[in-house]
Structure formats: structure tokens, C-alpha cells
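The structure appears right after this line, and notes come after that.
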Protein chains: 2
Amino acid sequence: MYKVTKPTLLLDKKKAIKNIKAMAQKAKASGVNFRPHFKTHFSKEIGEWYREQGVKRITVSSIDMAVYFASHGWDDITIAFPVNILQIDVLKHLAKVVQLGLVVDSHTAVESINAEIESPIDVYIKIDTGYHRVGVWHENTEEIKQLGEAIAEPHQFKGLLAHFGHTYSKTKKEEIQSIYSSGLAALNSLREELDKNLKISIGDTPSCSLIEKFENVNEIRPGNFIFYDAMQAHIGSCQFEDIAVCLAAPVVAVYPERSEVVVHAGAVHLSKDKLDDEQGTYFGKIVALEEKGWSAPLKGYRVIGLSQEHGKISLPKDQIEKIEVGDVLGIIPIHSCLTANLMKEYLTLRGEKIGTMHQ
Amino acid sequence: MYKVTKPTLLLDKKKAIKNIKAMAQKAKASGVNFRPHFKTHFSKEIGEWYREQGVKRITVSSIDMAVYFASHGWDDITIAFPVNILQIDVLKHLAKVVQLGLVVDSHTAVESINAEIESPIDVYIKIDTGYHRVGVWHENTEEIKQLGEAIAEPHQFKGLLAHFGHTYSKTKKEEIQSIYSSGLAALNSLREELDKNLKISIGDTPSCSLIEKFENVNEIRPGNFIFYDAMQAHIGSCQFEDIAVCLAAPVVAVYPERSEVVVHAGAVHLSKDKLDDEQGTYFGKIVALEEKGWSAPLKGYRVIGLSQEHGKISLPKDQIEKIEVGDVLGIIPIHSCLTANLMKEYLTLRGEKIGTMHQ
């Protein structure tokens with residue numbers, strides 16, 4: 001059994017493995033390459049759980065993260081972030097030891113790769129299908145074509161990579177389905193015009209969770225699905241009971257007069273990601289911790305404020321007497337990736353500690 | 001000179017030391033004890049800069065932080081956070097090696113201290129003067145009296161401790177002055193009723209920065225003032241040029257058509273703290289990096305979005321051609337404490353690395 005005395009990120013290993021298995025099987029059933037994003041868990045040990053499901057290729061979001069996983073046995077890594085040419089030396093070395101995939105959307109980046117990296121790498125052009133964060137706008141065919149042609153030997157223009165991040169603002173399956181379908185249509189139309197051998201790689205957790213069968217796509221790169229979180233439950237990508245992480249937070253103060261408690265769990269533990277509903281903004285869902293995990297969300301409990309170390313929770317008036325200083329409440333994070341990044345370590349329900357690259 | 005290839009927290013050591021000196025001198029001139037909060041910088045090395053200004057007593061916000069600074073030569077530490085009784089064993093050991101100050105607002109916490117901690121500690125009762133986060137409401141004199149009386153030998157009921165955190169929502173000097181004055185009046189009135197020997201300790205950076213002479217108070221515990229940030233400049237606690245930290249962020253993508261650039265600087269670097277103005281929400285102020293530091297905020301530049309690793313910056317149309325992939329922009333954080341916590345390390349303008357407890 002686990003024991004908690006301070007803010008601790010609990011990990012339900014069974015749920016996480018179940019989530020990995022479900023996504024791996026869905027990818028397999030659709031015949032697409034499964035290249036999970038490791039920016040959610042940051043952990044070599046958790047990486048092994050994917051390997052047990054047959055995963056051989058991974059996605060990361062930074063060069064440092066690529067170096068960490070490369071040093072722990074992963075030899076096929078895509079960095080799904082526009083190349084930072086100031087770190088081209090690190091990429092040059094990395095390309096010698098792993099099959100490296102890089103993402104570009106500028107001639108400057110392509111020129112840097114051509115000039116500096118000797119070992120053959122896979123280059124993906126990032127395509128913007130509507131999220132408007134990074135990528136060349138999908139209608140700019142000529143620009144994309146020129147960029148592809150600029151990729152020089154021994155490197156290969158491998159494919160078109162997109163992230164349908166605008167699914168995160170939706171909460172209806174049909175809306176997510178629509179973003180997914182129109183995004184894939186845009187990518188396929190581009191491929192038709194450019195080169196039929198190009199691979200299409202996509203990656204957001206809402207699409208990958210809600211779409212049953214992947215068609216006209218070669219690779220999926222979801223990350224968050226291993227843990228899910230309150231945001232994904234809100235979007236509808238998962239059921240609440242699929243969420244595999246929970247921050248255990250000691251109660252340090254109780255205020256019956258304002259029906260609030262304060263826990264040791266603040267912005268340095270949870271991050272300040274938030275959600276809004278008709279009652280206002282909240283920073284996590286409260287659950288009761290149980291020996292084998294945690295309960296459904298406690299009705300009427302809200303994380304209404306976070307400062308650096310404090311979490312402020314409001315709760316129903318008839319519940320406040322049940323809570324004492326020294327109790328431990330569970331908080332389901334809004335965004336598990338950011339919480340994991342801050343907490344740097346997990347504690348499984350069996351009491352095993354699991355480290356990350358941040359320790 | 002410093003060199004940057006990836007997201008890096010630049011620290012202008014001269015400004016930081018100037019900020020420390022100014023606050024130390026102001027405290028001295030007012031004859032109050034200066035017990036700076038170390039939850040802003042987290043660094044034993046930066047701690048030494050305070051020692052050079054005569055600082056011998058410090059404040060921290062967690063038991064882990066107390067342990068870190070105790071192991072680096074600090075022997076008079078107040079943990080300005082309600083006692084987490086689940087970690088009472090750690091406090092028991094800590095009390096043997098340092099002069100420990102603890103903050104309580106419940107009988108449960110006092111009983112735990114009485115029962116478990118043998119070495120004499122200083123106990124402060126946390127008083128709520130209007131921020132409504134933690135503390136006993138200042139008008140509940142009887143409750144405060146009983147709590148004080150419950151503190152048993154060898155421990156001492158040392159004082160009344162408050163944090164005027166509601167100054168953070170103000171932007172006018174008179175408003176901050178008013179919160180400060182009414183808060184201190186409440187604390188002094190309480191002391192009058194309870195025991196004239198009690199110490200009064202307060203600590204927010206806006207009050208401590210804007211009040212010229214401290215009266216009717218024994219101790220100040222500001223923390224953020226060493227670095228300041230965009231939030232404090234917005235409040236009016238500092239001038240923009242007093243800010244001592246800046247995140248150097250490599251440009252990885254440029255979009256002339258939407259007049260935006262994307263930098264490698266996201267929520268895992270800056271935190272998601274934000275400010276609002278008439279144009280909407282922003283997550284940092286953009287500056288130009290210079291050999292000896294950085295410029296004033298660049299007009300019309302806004303950090304309009306942060307995801308895990310990406311920072312999205314909009315800028316004036318006539319500026320976009322000046323920026324290229326591979327450039328480095330500076331971002332003044334909204335909340336320097338959270339940024340420092342995430343970055344775990346500083347780089348001075350002379351190129352020296354400075355570590356923290358998070359490495």
C-alpha cells in the first residue's frame with residue numbers, strides 16, 4: 001500500500017497500462033504505426049510499459065527529451081517540435097545513434113539540417129490544418145513543395161505531420177470528428193499533389209481516443225491518453241474512471257465558516273491549467289482516496305484557487321465537518337502532462353516510486 | 001558573455017543584488033527584522049547574496065525547502081505555510097538543528113507540535129486580515145487567544161503572522177497602502193488584546209516595495225522582490241527595469257502572414273500565470289536581448305498563447321521581417337517564482353550557471 005505525507009502524484013499503473021493497450025490495439029487494428037508521445041510521462045520506466053505492448057518508435061517534444069530517451073534504449077525517435085537550429089550540434093550527434101525524425105516548416109531549418117547533419121534523418125513538414133500554432137498552411141502547396149524539394153541527401157522528405165490541437169476546445173464527438181476528417185482530407189489532398197509515398201502522421205489525444213478506425217493516415221502520435229485528465233474527461237476523450245493519475249494533497253487548514261479547506265497542492269504541483277463551467281473557474285477535480293485508487297469526483301467540491309503552494313477547495317456545508325487537518329484529499333489534474341512535469345516522480349498504488357527525466 | 005541555445009532563465013545578478021540591498025536597507029532604516037522569503041529563487045548560491053547583506057533569518061514555503069536551506073547553513077528558518085502534520089517527524093528533526101518557526105491556525109496543528117516536537121520552536125498564529133486564503137479571521141479574538149494558550153512548553157507563542165495577498169489584485173499605490181494599513185491596524189489591535197510582547201510579521205512584495213517606512217510591525221518577509229516580474233510591474237511594486245530575470249527563448253518558426261512567431265518557451269518553462277489588459281490575456285512581456293541584459297518591452301509584441309513547449313507571440317506587421325528562425329527573444333515572466341521553479345537553473349549575464357534545490 002502507498003503512504004502519503006506530502007504532495008504526491010499517485011499513479012494507477014493498471015489504468016495506465018490499460019490505456020496503452022487500448023490505443024496500441026486500436027492502432028494495430030487500423031494498420032497504422034503507433035508512435036506514442038512521451039511528453040506526458042517523461043519516464044524511462046513507464047516507457048518500458050509501452051515496449052511490452054510492442055512499441056518501438058516514440059515521439060518527444062524537445063531535444064533534451066530525445067537525448068534522455070535515446071540514452072535509455074529508444075532508437076527511433078521523432079521530435080515533434082519545429083527544429084531549434086541553435087541546438088543543431090546536439091541533433092547531429094543524436095542522428096548518429098538513433099533513427100531521428102525532425103519536423104520543419106521553414107527553409108532556414110531545412111538548410112541547417114542539410115548543412116550540419118551527416119547521418120540520414122527523416123524530415124517531416126509540419127502542416128497547419130486549422131490550429132494555427134505551427135506549420136505551413138495546408139493550402140500553400142507550392143511552399144510545401146519547395147520545402148520538400150529543399151531537403152537534400154542523405155535526408156529524406158518522409159511525410160506530412162500535423163497536430164489537430166483545435167480539438168481541445170471542443171466537447172462534442174461530432175465536432176472532434178469533423179476537425180479530424182477535414183484535417184485528414186487536407187493532408188491527403190496535399191499528399192496526392194506532392195508524392196503518394198509521403199507518410200501522414202497525426203497526434204492529438206481527443207481524435208485518437210474518439211475515432212474508432214484510422215483511415216488515410218499512416219501514423220498516430222497521441223501522448224496524454226496514457227494518463228488522461230480532467231480536461232480530457234471534459235472534452236469527452238475518456239471516462240473519468242480512465243484517468244490514471246491523481247495528486248494526493250494533505251489538508252493543512254479547515255474553515256467551516258466559509259466552507260473551505262486548504263491543501264498543500266499549489267501551482268508548483270498541479271500547474272495553473274484550468275477549466276471553466278457555469279460556476280466559474282476550477283483547477284482540478286476532488287476525489288476521495290481509497291486503498292485501491294480513488295473515488296468518482298466528489299459532488300460540490302471545487303479547487304477554486306491555486307497559489308504557489310496552496311490549493312483552496314470549496315465544498316458543501318454539510319461535508320466540512322468530515323474533514324480534518326491531516327486528512328489527504330485527491331486532486332485529478334486538469335492537465336496531467338504539466339502536473340507530471342512539475343511533480344518529477346510518481347507513486348504507484350502499490351507504493352513503488354517511479355522516476356522521470358526531471359529528477 | 002552568456003550563450004543561449006535553448007530555453008534559459010537569464011539572471012541579471014546586479015539587479016538582483018540591488019533589489020536585495022534596497023529591501024535590506026529599508027528594513028534596517030525602519031528597525032524591523034528582515035526575514036526574506038526564499039520561495040522565489042530556491043537557490044543556496046543566491047541565498048549567499050542575502051547573507052552578504054547581513055541577512056541571518058529566512059522564510060520558506062515548504063518543509064522540503066526548509067530542509068534544503070538548513071543543509072546549506074541557514075539556522076533560523078520560518079516555514080510560512082500552515083503546518084502539515086503528516087510531516088511532523090521531519091519537523092521534529094529540523095527543530096533540533098535550526099531555530100524553527102512554524103505557522104498554525106488550528107488546534108490540530110498545535111496539538112501535533114506539542115506532542116511530537118521536543119526542541120523549542122517559535123509558533124506564529126496565522127491571521128487572516130482579508131485575503132481569505134489561510135489564517136484565523138482577525139476578529140475572532142477568543143479563538144486566537146485559545147490557540148495561543150494551547151501552545152505548550154518548551155514552545156513559544158511568538159507572534160501574529162499575516163500575508164496581505166489581496167494587494168496582488170490592486171494596481172494603485174493608495175489601494176495597497178490601504179490594505180497594508182488596515183491589515184496592520186487589525187494585527188496591532190489583536191496584539192493589544194492578547195500580549196504586547198507578540199511579534200507582528202507580514203510579507204507581501206507589493207506592500208513591502210511601496211511602503212517607505214515600516215511602523216507597528218516587527219518583521220517583513222517579502223520574497224518576489226529579488227527578481228520582481230511583469231505582475232509586480234503591473235501592480236506598480238517595481239519599475240520594469242528592476243526586473244532581474246528573463247527567459248531567453250529561441251525562435252523556431254516565423255509566420256509573416258499572421259504576423260506571429262513561435263518560440264521554444266511554453267508552460268513547462270514560464271508557467272501558465274497570465275495577465276489581462278484591454279487587448280486580452282498575455283503570458284509574458286517580450287524584450288530584445290542585449291549583451292548587458294535586455295531592452296524595455298517591445299511595443300506591440302504579445303505572448304498570446306502557451307502550450308507545453310510552444311510560446312506563440314504576435315507582433316506588429318512591420319517587425320516580422322526582422323525576425324528569423326534561430327533568433328533568440330527575451331520573455332519577462334508574469335510570475336518569476338513559478339518560472340524559476342520550472343527552469344531549475346539560472347544563467348547570469350556573465351555566463352555563470354546557478355543551481356537550485358530542484359536540480
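As shown in the C-alpha cells, the chain order sets the letters A, B, ...; within each chain, residues go from 1, and ligands are also counted from 1 in the order they appear.
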
Expected answer as a PyMOL selection string: chain B residues within 9 Å of chain A, only C-alpha atoms: chain B and resi 4-6+39+61-62+81-87+104-106+108-109+133-136+250-255+261-264+267-268+271-273+305+308-312+324-327+337-338+341-342+358-359

Who sits within 7 Å of Ile235 in chain B, only C-alpha atoms, same chain under 2 positions skipped, as a PyMOL selection string: chain B and resi 168+170-171+231-233+237

Spatial neighbours of Pro120 in chain A, 9 Å, only C-alpha atoms, chain gap at least 5 places, as number ranges by chain: A: 95-96, 99-100, 153-156

Selection near Ile46 in chain B, 9 Å with only C-alpha atoms, sequence-local residues under 5 positions removed, as a ChimeraX atom specification: /B:41,354-356

Backbone DSSP call of strand (DSSP E or B) for range 24-136 of chain A, listed as a count of residues only: 27

All helix (DSSP H, G or I) residues (DSSP, backbone) inside range 113-166 of chain B, as a list in words: Ile113, Asn114, Ala115, Glu116, Thr141, Glu142, Glu143, Ile144, Lys145, Gln146, Leu147, Gly148, Glu149, Ala150, Gly165 and His166 of chain B

All residues 12 Å or closer to Ala66 in chain A, only C-alpha atoms, same chain fewer than 5 positions away omitted, as a PyMOL selection string: chain A and resi 37-39+42-44+57-61+71-81+90-91+93-95+97-102+357

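Between CA of Val287 in chain A and CA of Ala16 in chain A the interatomic distance comes to 18.1 Å.
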
Which residues are near range 204-214 of chain A? Cut-off 9 Å, only C-alpha atoms, ignore same chain within fewer than 4 positions. Put them as a PDB file with N, CA and C atoms, in the first residue's frame.
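This went into around_28.pdb:
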```
ATOM      1  N   MET A  23      -4.951   1.808 -26.886  1.00  0.00           N
ATOM      2  CA  MET A  23      -4.517   2.618 -28.027  1.00  0.00           C
ATOM      3  C   MET A  23      -3.651   1.781 -28.973  1.00  0.00           C
ATOM      4  N   LYS A  26      -5.890  -0.461 -30.961  1.00  0.00           N
ATOM      5  CA  LYS A  26      -6.668   0.273 -31.958  1.00  0.00           C
ATOM      6  C   LYS A  26      -5.791   0.618 -33.161  1.00  0.00           C
ATOM      7  N   ALA A  27      -4.558   1.044 -32.876  1.00  0.00           N
ATOM      8  CA  ALA A  27      -3.628   1.360 -33.967  1.00  0.00           C
ATOM      9  C   ALA A  27      -3.372   0.111 -34.819  1.00  0.00           C
ATOM     10  N   ALA A  29      -5.258  -2.554 -35.134  1.00  0.00           N
ATOM     11  CA  ALA A  29      -6.460  -2.945 -35.874  1.00  0.00           C
ATOM     12  C   ALA A  29      -6.643  -2.093 -37.127  1.00  0.00           C
ATOM     13  N   SER A  30      -6.188  -0.827 -37.057  1.00  0.00           N
ATOM     14  CA  SER A  30      -6.318   0.054 -38.222  1.00  0.00           C
ATOM     15  C   SER A  30      -5.105  -0.037 -39.142  1.00  0.00           C
ATOM     16  N   GLY A  31      -4.106  -0.782 -38.694  1.00  0.00           N
ATOM     17  CA  GLY A  31      -2.901  -0.912 -39.519  1.00  0.00           C
ATOM     18  C   GLY A  31      -2.069   0.354 -39.600  1.00  0.00           C
ATOM     19  N   VAL A  32      -2.129   1.203 -38.545  1.00  0.00           N
ATOM     20  CA  VAL A  32      -1.297   2.413 -38.549  1.00  0.00           C
ATOM     21  C   VAL A  32      -0.135   2.260 -37.570  1.00  0.00           C
ATOM     22  N   HIS A 163      -0.865  18.360 -36.097  1.00  0.00           N
ATOM     23  CA  HIS A 163      -1.447  18.192 -34.762  1.00  0.00           C
ATOM     24  C   HIS A 163      -2.768  18.950 -34.762  1.00  0.00           C
ATOM     25  N   PHE A 164      -3.849  18.210 -34.615  1.00  0.00           N
ATOM     26  CA  PHE A 164      -5.175  18.851 -34.626  1.00  0.00           C
ATOM     27  C   PHE A 164      -5.490  19.380 -33.223  1.00  0.00           C
ATOM     28  N   GLY A 165      -4.689  20.334 -32.767  1.00  0.00           N
ATOM     29  CA  GLY A 165      -4.818  20.820 -31.389  1.00  0.00           C
ATOM     30  C   GLY A 165      -6.117  21.558 -31.126  1.00  0.00           C
ATOM     31  N   THR A 167      -8.923  20.420 -31.495  1.00  0.00           N
ATOM     32  CA  THR A 167      -9.917  19.515 -30.889  1.00  0.00           C
ATOM     33  C   THR A 167     -10.053  19.774 -29.394  1.00  0.00           C
ATOM     34  N   TYR A 168      -8.996  20.347 -28.791  1.00  0.00           N
ATOM     35  CA  TYR A 168      -9.010  20.560 -27.340  1.00  0.00           C
ATOM     36  C   TYR A 168     -10.068  21.558 -26.889  1.00  0.00           C
ATOM     37  N   LYS A 173     -18.399  14.939 -29.697  1.00  0.00           N
ATOM     38  CA  LYS A 173     -17.733  13.959 -30.544  1.00  0.00           C
ATOM     39  C   LYS A 173     -17.806  14.368 -32.016  1.00  0.00           C
ATOM     40  N   ILE A 176     -15.229  17.000 -32.921  1.00  0.00           N
ATOM     41  CA  ILE A 176     -13.871  16.443 -32.998  1.00  0.00           C
ATOM     42  C   ILE A 176     -13.732  15.607 -34.270  1.00  0.00           C
ATOM     43  N   GLN A 177     -14.749  14.812 -34.533  1.00  0.00           N
ATOM     44  CA  GLN A 177     -14.783  14.008 -35.762  1.00  0.00           C
ATOM     45  C   GLN A 177     -14.637  14.917 -36.991  1.00  0.00           C
ATOM     46  N   ILE A 179     -13.206  17.972 -37.186  1.00  0.00           N
ATOM     47  CA  ILE A 179     -11.836  18.508 -37.284  1.00  0.00           C
ATOM     48  C   ILE A 179     -10.886  17.438 -37.814  1.00  0.00           C
ATOM     49  N   TYR A 180     -11.065  16.236 -37.284  1.00  0.00           N
ATOM     50  CA  TYR A 180     -10.234  15.104 -37.704  1.00  0.00           C
ATOM     51  C   TYR A 180     -10.413  14.831 -39.198  1.00  0.00           C
ATOM     52  N   ASN A 218      -1.036   7.257 -41.752  1.00  0.00           N
ATOM     53  CA  ASN A 218      -0.033   6.208 -41.569  1.00  0.00           C
ATOM     54  C   ASN A 218       0.444   6.053 -40.136  1.00  0.00           C
ATOM     55  N   ILE A 220      -0.047   7.472 -35.837  1.00  0.00           N
ATOM     56  CA  ILE A 220      -0.671   8.305 -34.792  1.00  0.00           C
ATOM     57  C   ILE A 220       0.334   8.515 -33.659  1.00  0.00           C
ATOM     58  N   ARG A 221       0.284   9.710 -33.074  1.00  0.00           N
ATOM     59  CA  ARG A 221       1.271  10.096 -32.045  1.00  0.00           C
ATOM     60  C   ARG A 221       0.619  10.656 -30.773  1.00  0.00           C
ATOM     61  N   PRO A 222      -0.449  10.084 -30.273  1.00  0.00           N
ATOM     62  CA  PRO A 222      -1.046  10.660 -29.057  1.00  0.00           C
ATOM     63  C   PRO A 222      -0.127  10.452 -27.859  1.00  0.00           C
ATOM     64  N   GLY A 223      -0.271  11.287 -26.838  1.00  0.00           N
ATOM     65  CA  GLY A 223       0.554  11.157 -25.639  1.00  0.00           C
ATOM     66  C   GLY A 223      -0.261  11.129 -24.369  1.00  0.00           C
ATOM     67  N   ASN A 224      -1.132  12.103 -24.240  1.00  0.00           N
ATOM     68  CA  ASN A 224      -1.877  12.286 -22.997  1.00  0.00           C
ATOM     69  C   ASN A 224      -2.704  11.077 -22.580  1.00  0.00           C
ATOM     70  N   PHE A 225      -3.152  10.274 -23.568  1.00  0.00           N
ATOM     71  CA  PHE A 225      -4.073   9.156 -23.297  1.00  0.00           C
ATOM     72  C   PHE A 225      -3.556   8.178 -22.250  1.00  0.00           C
ATOM     73  N   TYR A 228      -4.635  10.423 -19.276  1.00  0.00           N
ATOM     74  CA  TYR A 228      -5.819  11.285 -19.402  1.00  0.00           C
ATOM     75  C   TYR A 228      -5.837  12.294 -18.236  1.00  0.00           C
ATOM     76  N   GLN A 232      -9.416  16.035 -20.503  1.00  0.00           N
ATOM     77  CA  GLN A 232      -9.832  15.035 -21.490  1.00  0.00           C
ATOM     78  C   GLN A 232     -11.216  14.471 -21.151  1.00  0.00           C
ATOM     79  N   ILE A 235     -13.566  17.085 -22.363  1.00  0.00           N
ATOM     80  CA  ILE A 235     -13.690  17.035 -23.828  1.00  0.00           C
ATOM     81  C   ILE A 235     -14.537  15.827 -24.249  1.00  0.00           C
ATOM     82  N   GLY A 236     -14.397  14.749 -23.473  1.00  0.00           N
ATOM     83  CA  GLY A 236     -15.120  13.526 -23.821  1.00  0.00           C
ATOM     84  C   GLY A 236     -14.220  12.454 -24.408  1.00  0.00           C
ATOM     85  N   SER A 237     -12.886  12.671 -24.328  1.00  0.00           N
ATOM     86  CA  SER A 237     -11.933  11.692 -24.864  1.00  0.00           C
ATOM     87  C   SER A 237     -11.879  10.432 -24.012  1.00  0.00           C
ATOM     88  N   CYS A 238     -12.290  10.558 -22.759  1.00  0.00           N
ATOM     89  CA  CYS A 238     -12.202   9.415 -21.843  1.00  0.00           C
ATOM     90  C   CYS A 238     -13.338   9.491 -20.834  1.00  0.00           C
TER      91      CYS A 238
END
```

Quick one: residues within 12 Å of Gln146 in chain A, only C-alpha atoms, excluding same-chain residues fewer than 3 positions away - as a PDB file with N, CA and C atoms, in the first residue's frame?
```
ATOM      1  N   ASP A 105       9.222  23.640 -40.745  1.00  0.00           N
ATOM      2  CA  ASP A 105       8.261  24.384 -41.548  1.00  0.00           C
ATOM      3  C   ASP A 105       8.905  25.628 -42.139  1.00  0.00           C
ATOM      4  N   SER A 106      10.266  25.634 -42.174  1.00  0.00           N
ATOM      5  CA  SER A 106      10.971  26.787 -42.744  1.00  0.00           C
ATOM      6  C   SER A 106      12.209  26.345 -43.518  1.00  0.00           C
ATOM      7  N   HIS A 107      12.570  27.149 -44.497  1.00  0.00           N
ATOM      8  CA  HIS A 107      13.794  26.872 -45.253  1.00  0.00           C
ATOM      9  C   HIS A 107      15.026  26.995 -44.368  1.00  0.00           C
ATOM     10  N   VAL A 110      15.531  23.682 -42.784  1.00  0.00           N
ATOM     11  CA  VAL A 110      15.983  22.677 -43.760  1.00  0.00           C
ATOM     12  C   VAL A 110      17.455  22.911 -44.116  1.00  0.00           C
ATOM     13  N   ILE A 125       7.397  17.631 -42.867  1.00  0.00           N
ATOM     14  CA  ILE A 125       6.974  19.034 -42.933  1.00  0.00           C
ATOM     15  C   ILE A 125       5.725  19.168 -42.083  1.00  0.00           C
ATOM     16  N   VAL A 136       3.115  24.954 -41.959  1.00  0.00           N
ATOM     17  CA  VAL A 136       2.757  25.704 -43.164  1.00  0.00           C
ATOM     18  C   VAL A 136       1.269  25.472 -43.411  1.00  0.00           C
ATOM     19  N   ASN A 140      -1.034  26.120 -48.906  1.00  0.00           N
ATOM     20  CA  ASN A 140       0.165  26.682 -49.557  1.00  0.00           C
ATOM     21  C   ASN A 140       0.994  25.567 -50.208  1.00  0.00           C
ATOM     22  N   THR A 141       0.393  24.903 -51.161  1.00  0.00           N
ATOM     23  CA  THR A 141       1.010  23.719 -51.765  1.00  0.00           C
ATOM     24  C   THR A 141       2.391  24.013 -52.340  1.00  0.00           C
ATOM     25  N   GLU A 142       2.513  25.130 -53.019  1.00  0.00           N
ATOM     26  CA  GLU A 142       3.781  25.440 -53.674  1.00  0.00           C
ATOM     27  C   GLU A 142       4.898  25.608 -52.637  1.00  0.00           C
ATOM     28  N   GLU A 143       4.562  26.285 -51.560  1.00  0.00           N
ATOM     29  CA  GLU A 143       5.548  26.496 -50.489  1.00  0.00           C
ATOM     30  C   GLU A 143       5.980  25.145 -49.893  1.00  0.00           C
ATOM     31  N   GLU A 149      11.400  19.844 -51.582  1.00  0.00           N
ATOM     32  CA  GLU A 149      12.476  19.702 -52.567  1.00  0.00           C
ATOM     33  C   GLU A 149      13.814  20.191 -52.018  1.00  0.00           C
ATOM     34  N   ALA A 150      13.747  21.047 -51.045  1.00  0.00           N
ATOM     35  CA  ALA A 150      14.989  21.586 -50.469  1.00  0.00           C
ATOM     36  C   ALA A 150      15.686  20.571 -49.557  1.00  0.00           C
ATOM     37  N   ILE A 151      14.955  19.560 -49.129  1.00  0.00           N
ATOM     38  CA  ILE A 151      15.559  18.546 -48.243  1.00  0.00           C
ATOM     39  C   ILE A 151      16.541  17.711 -49.064  1.00  0.00           C
ATOM     40  N   ALA A 152      17.811  17.772 -48.674  1.00  0.00           N
ATOM     41  CA  ALA A 152      18.859  17.173 -49.509  1.00  0.00           C
ATOM     42  C   ALA A 152      19.332  15.826 -48.977  1.00  0.00           C
ATOM     43  N   PHE A 157      12.630  13.386 -47.276  1.00  0.00           N
ATOM     44  CA  PHE A 157      11.342  14.042 -47.022  1.00  0.00           C
ATOM     45  C   PHE A 157      10.350  12.902 -46.776  1.00  0.00           C
ATOM     46  N   LEU A 194       1.677  16.105 -53.999  1.00  0.00           N
ATOM     47  CA  LEU A 194       3.131  16.132 -53.822  1.00  0.00           C
ATOM     48  C   LEU A 194       3.787  14.801 -54.161  1.00  0.00           C
TER      49      LEU A 194
END
```

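In this comparison, which uses only C-alpha atoms, the residue of B:Glu118, B:His166, B:Glu192, B:Ile243 approaching Ile226 in chain B most closely is B:Ile243.
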